[in-house]
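Text of the file data.pdb, holding PDB, C-alpha atoms, pLDDT in the B column:
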```pdb
ATOM      1  CA  MET T   1    -109.881 -91.189  58.966  1.00 46.00           C
ATOM      2  CA  GLN T   2    -106.581 -91.110  60.802  1.00 49.00           C
ATOM      3  CA  ALA T   3    -104.894 -89.245  57.924  1.00 49.00           C
ATOM      4  CA  THR T   4    -107.272 -86.333  58.289  1.00 53.00           C
ATOM      5  CA  ARG T   5    -106.676 -86.177  62.047  1.00 52.00           C
ATOM      6  CA  THR T   6    -102.897 -86.024  61.679  1.00 59.00           C
ATOM      7  CA  ALA T   7    -103.109 -83.362  58.969  1.00 69.00           C
ATOM      8  CA  SER T   8    -104.445 -80.875  61.511  1.00 79.00           C
ATOM      9  CA  ARG T   9    -101.816 -81.702  64.125  1.00 86.00           C
ATOM     10  CA  GLY T  10     -98.237 -80.599  64.651  1.00 90.00           C
ATOM     11  CA  PHE T  11     -95.974 -77.691  63.993  1.00 89.00           C
ATOM     12  CA  ALA T  12     -95.783 -78.207  60.223  1.00 89.00           C
ATOM     13  CA  SER T  13     -99.561 -78.004  59.828  1.00 91.00           C
ATOM     14  CA  MET T  14     -99.733 -74.548  61.454  1.00 92.00           C
ATOM     15  CA  ASP T  15     -99.798 -71.378  59.411  1.00 92.00           C
ATOM     16  CA  SER T  16     -96.457 -69.598  59.125  1.00 93.00           C
ATOM     17  CA  MET T  17     -97.393 -66.781  61.497  1.00 95.00           C
ATOM     18  CA  LYS T  18     -98.243 -69.227  64.272  1.00 94.00           C
ATOM     19  CA  GLN T  19     -94.953 -71.087  63.655  1.00 95.00           C
ATOM     20  CA  ARG T  20     -93.000 -67.833  63.885  1.00 95.00           C
ATOM     21  CA  GLU T  21     -94.746 -66.878  67.110  1.00 95.00           C
ATOM     22  CA  ILE T  22     -93.843 -70.197  68.746  1.00 94.00           C
ATOM     23  CA  ALA T  23     -90.265 -70.112  67.440  1.00 93.00           C
ATOM     24  CA  ARG T  24     -89.820 -66.549  68.701  1.00 94.00           C
ATOM     25  CA  LYS T  25     -90.951 -67.585  72.180  1.00 94.00           C
ATOM     26  CA  GLY T  26     -88.499 -70.485  72.121  1.00 92.00           C
ATOM     27  CA  GLY T  27     -85.646 -68.213  71.113  1.00 90.00           C
ATOM     28  CA  ARG T  28     -86.406 -65.733  73.862  1.00 92.00           C
ATOM     29  CA  ALA T  29     -86.650 -68.495  76.452  1.00 93.00           C
ATOM     30  CA  ALA T  30     -83.274 -69.916  75.389  1.00 91.00           C
ATOM     31  CA  HIS T  31     -81.619 -66.510  75.787  1.00 89.00           C
ATOM     32  CA  VAL T  32     -83.199 -65.997  79.223  1.00 91.00           C
ATOM     33  CA  LYS T  33     -82.097 -69.464  80.279  1.00 90.00           C
ATOM     34  CA  GLY T  34     -78.593 -68.884  78.901  1.00 88.00           C
ATOM     35  CA  THR T  35     -78.558 -71.876  76.562  1.00 88.00           C
ATOM     36  CA  ALA T  36     -78.928 -69.962  73.288  1.00 87.00           C
ATOM     37  CA  HIS T  37     -75.957 -70.013  70.926  1.00 85.00           C
ATOM     38  CA  GLU T  38     -74.293 -66.666  70.415  1.00 86.00           C
ATOM     39  CA  PHE T  39     -71.767 -66.304  67.630  1.00 88.00           C
ATOM     40  CA  THR T  40     -68.241 -65.205  68.445  1.00 93.00           C
ATOM     41  CA  LYS T  41     -66.589 -62.655  66.154  1.00 94.00           C
ATOM     42  CA  ASP T  42     -64.607 -65.434  64.473  1.00 95.00           C
ATOM     43  CA  GLU T  43     -67.702 -67.597  63.926  1.00 94.00           C
ATOM     44  CA  ALA T  44     -69.626 -64.654  62.487  1.00 93.00           C
ATOM     45  CA  ARG T  45     -66.698 -63.760  60.211  1.00 94.00           C
ATOM     46  CA  ALA T  46     -66.431 -67.352  58.964  1.00 94.00           C
ATOM     47  CA  ALA T  47     -70.182 -67.544  58.343  1.00 92.00           C
ATOM     48  CA  GLY T  48     -70.137 -64.278  56.423  1.00 93.00           C
ATOM     49  CA  ARG T  49     -67.186 -65.392  54.327  1.00 93.00           C
ATOM     50  CA  LYS T  50     -68.855 -68.716  53.562  1.00 93.00           C
ATOM     51  CA  GLY T  51     -72.084 -66.986  52.529  1.00 90.00           C
ATOM     52  CA  GLY T  52     -70.220 -64.460  50.408  1.00 88.00           C
ATOM     53  CA  GLU T  53     -68.280 -67.184  48.620  1.00 90.00           C
ATOM     54  CA  ARG T  54     -71.475 -69.066  47.930  1.00 87.00           C
ATOM     55  CA  VAL T  55     -73.320 -66.037  46.570  1.00 87.00           C
ATOM     56  CA  SER T  56     -70.404 -64.831  44.458  1.00 88.00           C
ATOM     57  CA  THR T  57     -70.358 -68.061  42.435  1.00 90.00           C
ATOM     58  CA  ASN T  58     -73.704 -67.049  40.915  1.00 90.00           C
ATOM     59  CA  ARG T  59     -72.469 -64.691  38.180  1.00 91.00           C
ATOM     60  CA  GLU T  60     -75.966 -63.705  37.057  1.00 92.00           C
ATOM     61  CA  HIS T  61     -76.901 -62.668  40.594  1.00 90.00           C
ATOM     62  CA  MET T  62     -73.671 -60.690  41.061  1.00 91.00           C
ATOM     63  CA  SER T  63     -74.203 -58.933  37.737  1.00 92.00           C
ATOM     64  CA  ARG T  64     -77.761 -58.010  38.684  1.00 92.00           C
ATOM     65  CA  ILE T  65     -76.892 -56.597  42.110  1.00 90.00           C
ATOM     66  CA  GLY T  66     -73.903 -54.729  40.667  1.00 91.00           C
ATOM     67  CA  ARG T  67     -76.116 -53.126  38.045  1.00 91.00           C
ATOM     68  CA  ILE T  68     -78.643 -52.092  40.708  1.00 91.00           C
ATOM     69  CA  GLY T  69     -75.888 -50.607  42.891  1.00 88.00           C
ATOM     70  CA  GLY T  70     -74.389 -48.735  39.949  1.00 87.00           C
ATOM     71  CA  LYS T  71     -77.707 -47.241  38.992  1.00 86.00           C
ATOM     72  CA  SER T  72     -78.350 -46.267  42.593  1.00 85.00           C
ATOM     73  CA  SER T  73     -75.005 -44.521  43.077  1.00 83.00           C
ATOM     74  CA  ALA T  74     -75.226 -42.819  39.671  1.00 80.00           C
ATOM     75  CA  GLY T  75     -78.663 -41.506  40.589  1.00 76.00           C
ATOM     76  CA  LYS T  76     -77.313 -40.106  43.853  1.00 78.00           C
ATOM     77  CA  ARG T  77     -74.486 -38.367  42.012  1.00 76.00           C
ATOM     78  CA  GLN T  78     -76.982 -36.779  39.623  1.00 73.00           C
ATOM     79  CA  THR T  79     -79.270 -35.505  42.382  1.00 72.00           C
ATOM     80  CA  ASN T  80     -76.386 -34.099  44.449  1.00 69.00           C
ATOM     81  CA  ARG T  81     -74.782 -32.257  41.503  1.00 66.00           C
ATOM     82  CA  PRO T  82     -75.444 -28.495  41.403  1.00 66.00           C
ATOM     83  CA  THR T  83     -77.001 -27.301  38.175  1.00 65.00           C
ATOM     84  CA  ILE T  84     -75.919 -24.343  36.099  1.00 67.00           C
ATOM     85  CA  PRO T  85     -78.557 -22.240  34.306  1.00 66.00           C
ATOM     86  CA  GLY T  86     -78.572 -23.232  30.654  1.00 66.00           C
ATOM     87  CA  GLN T  87     -76.782 -26.527  31.342  1.00 61.00           C
ATOM     88  CA  THR T  88     -77.648 -29.211  28.810  1.00 60.00           C
ATOM     89  CA  HIS T  89     -75.442 -32.110  29.978  1.00 56.00           C
ATOM     90  CA  PRO T  90     -74.590 -33.277  33.509  1.00 54.00           C
ATOM     91  CA  GLU T  91     -70.877 -33.162  32.562  1.00 53.00           C
ATOM     92  CA  GLU T  92     -71.108 -29.370  32.162  1.00 49.00           C
ATOM     93  CA  SER T  93     -71.363 -28.616  35.874  1.00 50.00           C
ATOM     94  CA  ALA T  94     -68.962 -26.129  37.482  1.00 51.00           C
ATOM     95  CA  GLU T  95     -66.995 -28.856  39.256  1.00 52.00           C
ATOM     96  CA  HIS T  96     -65.778 -30.184  35.888  1.00 50.00           C
ATOM     97  CA  MET T  97     -64.537 -26.825  34.575  1.00 52.00           C
ATOM     98  CA  SER T  98     -60.896 -25.903  34.984  1.00 51.00           C
ATOM     99  CA  PRO T  99     -60.159 -22.285  35.949  1.00 53.00           C
ATOM    100  CA  GLU T 100     -57.341 -22.222  33.370  1.00 53.00           C
ATOM    101  CA  SER T 101     -59.508 -23.475  30.527  1.00 48.00           C
ATOM    102  CA  PRO T 102     -63.242 -23.067  31.227  1.00 50.00           C
ATOM    103  CA  ALA T 103     -64.156 -23.785  27.614  1.00 48.00           C
ATOM    104  CA  HIS T 104     -62.916 -27.393  27.597  1.00 46.00           C
ATOM    105  CA  ALA T 105     -66.037 -28.702  29.348  1.00 47.00           C
ATOM    106  CA  HIS T 106     -68.248 -27.242  26.637  1.00 49.00           C
ATOM    107  CA  SER T 107     -66.040 -28.044  23.662  1.00 50.00           C
ATOM    108  CA  GLY T 108     -65.920 -31.799  24.286  1.00 54.00           C
ATOM    109  CA  THR T 109     -62.121 -31.591  24.648  1.00 53.00           C
ATOM    110  CA  SER T 110     -60.694 -33.455  27.605  1.00 53.00           C
ATOM    111  CA  PRO T 111     -58.000 -31.929  29.867  1.00 54.00           C
ATOM    112  CA  HIS T 112     -55.579 -34.588  28.590  1.00 54.00           C
ATOM    113  CA  GLU T 113     -56.100 -33.443  25.005  1.00 54.00           C
ATOM    114  CA  LEU T 114     -55.393 -29.865  26.086  1.00 53.00           C
ATOM    115  CA  GLY T 115     -52.073 -30.898  27.584  1.00 55.00           C
ATOM    116  CA  ALA T 116     -53.182 -30.723  31.217  1.00 51.00           C
ATOM    117  CA  ALA T 117     -52.094 -33.599  33.413  1.00 47.00           C
TER     118      ALA T 117
END
```

For the structure just supplied, provide its representation as structure tokens.
Amino acid sequence: MQATRTASRGFASMDSMKQREIARKGGRAAHVKGTAHEFTKDEARAAGRKGGERVSTNREHMSRIGRIGGKSSAGKRQTNRPTIPGQTHPEESAEHMSPESPAHAHSGTSPHELGAA
């Protein structure tokens, strides 16, 4: 019988929302009282560095977040690029055409192949 009584008692037996509510009140009270820990710039920098070192050892995770970031920035570049009527490829936008040789963007010839530096 005692096991069932203790199962319904204590912080750990509460649902997570109730735990958060109590913890939040404790944090606020500590700040009001002046006993809460506040990180200095150096402590925050050291904590960030430590976390970054820890995360960066997981190559799979780093690869995944890099891929997501690359797709995100590539998508932004595509949506911000002005379109030209009749354009078939994103590379054919006006910003990629040289005034000296406007045909190179359409011919597939790079400026380096044309002798431009």

What is the atom CA of T:Glu38-atom CA of T:Arg24 distance in Å, reported with one decimal?
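Calculated distance between atom CA of T:Glu38 and atom CA of T:Arg24 is 15.6 Å.
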
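For the pair atom CA of T:Val55 and atom CA of T:Gly70, the separation is 18.6 Å.
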
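Of note, atom CA of T:His37 and atom CA of T:Gly10 are spaced 25.5 Å apart.
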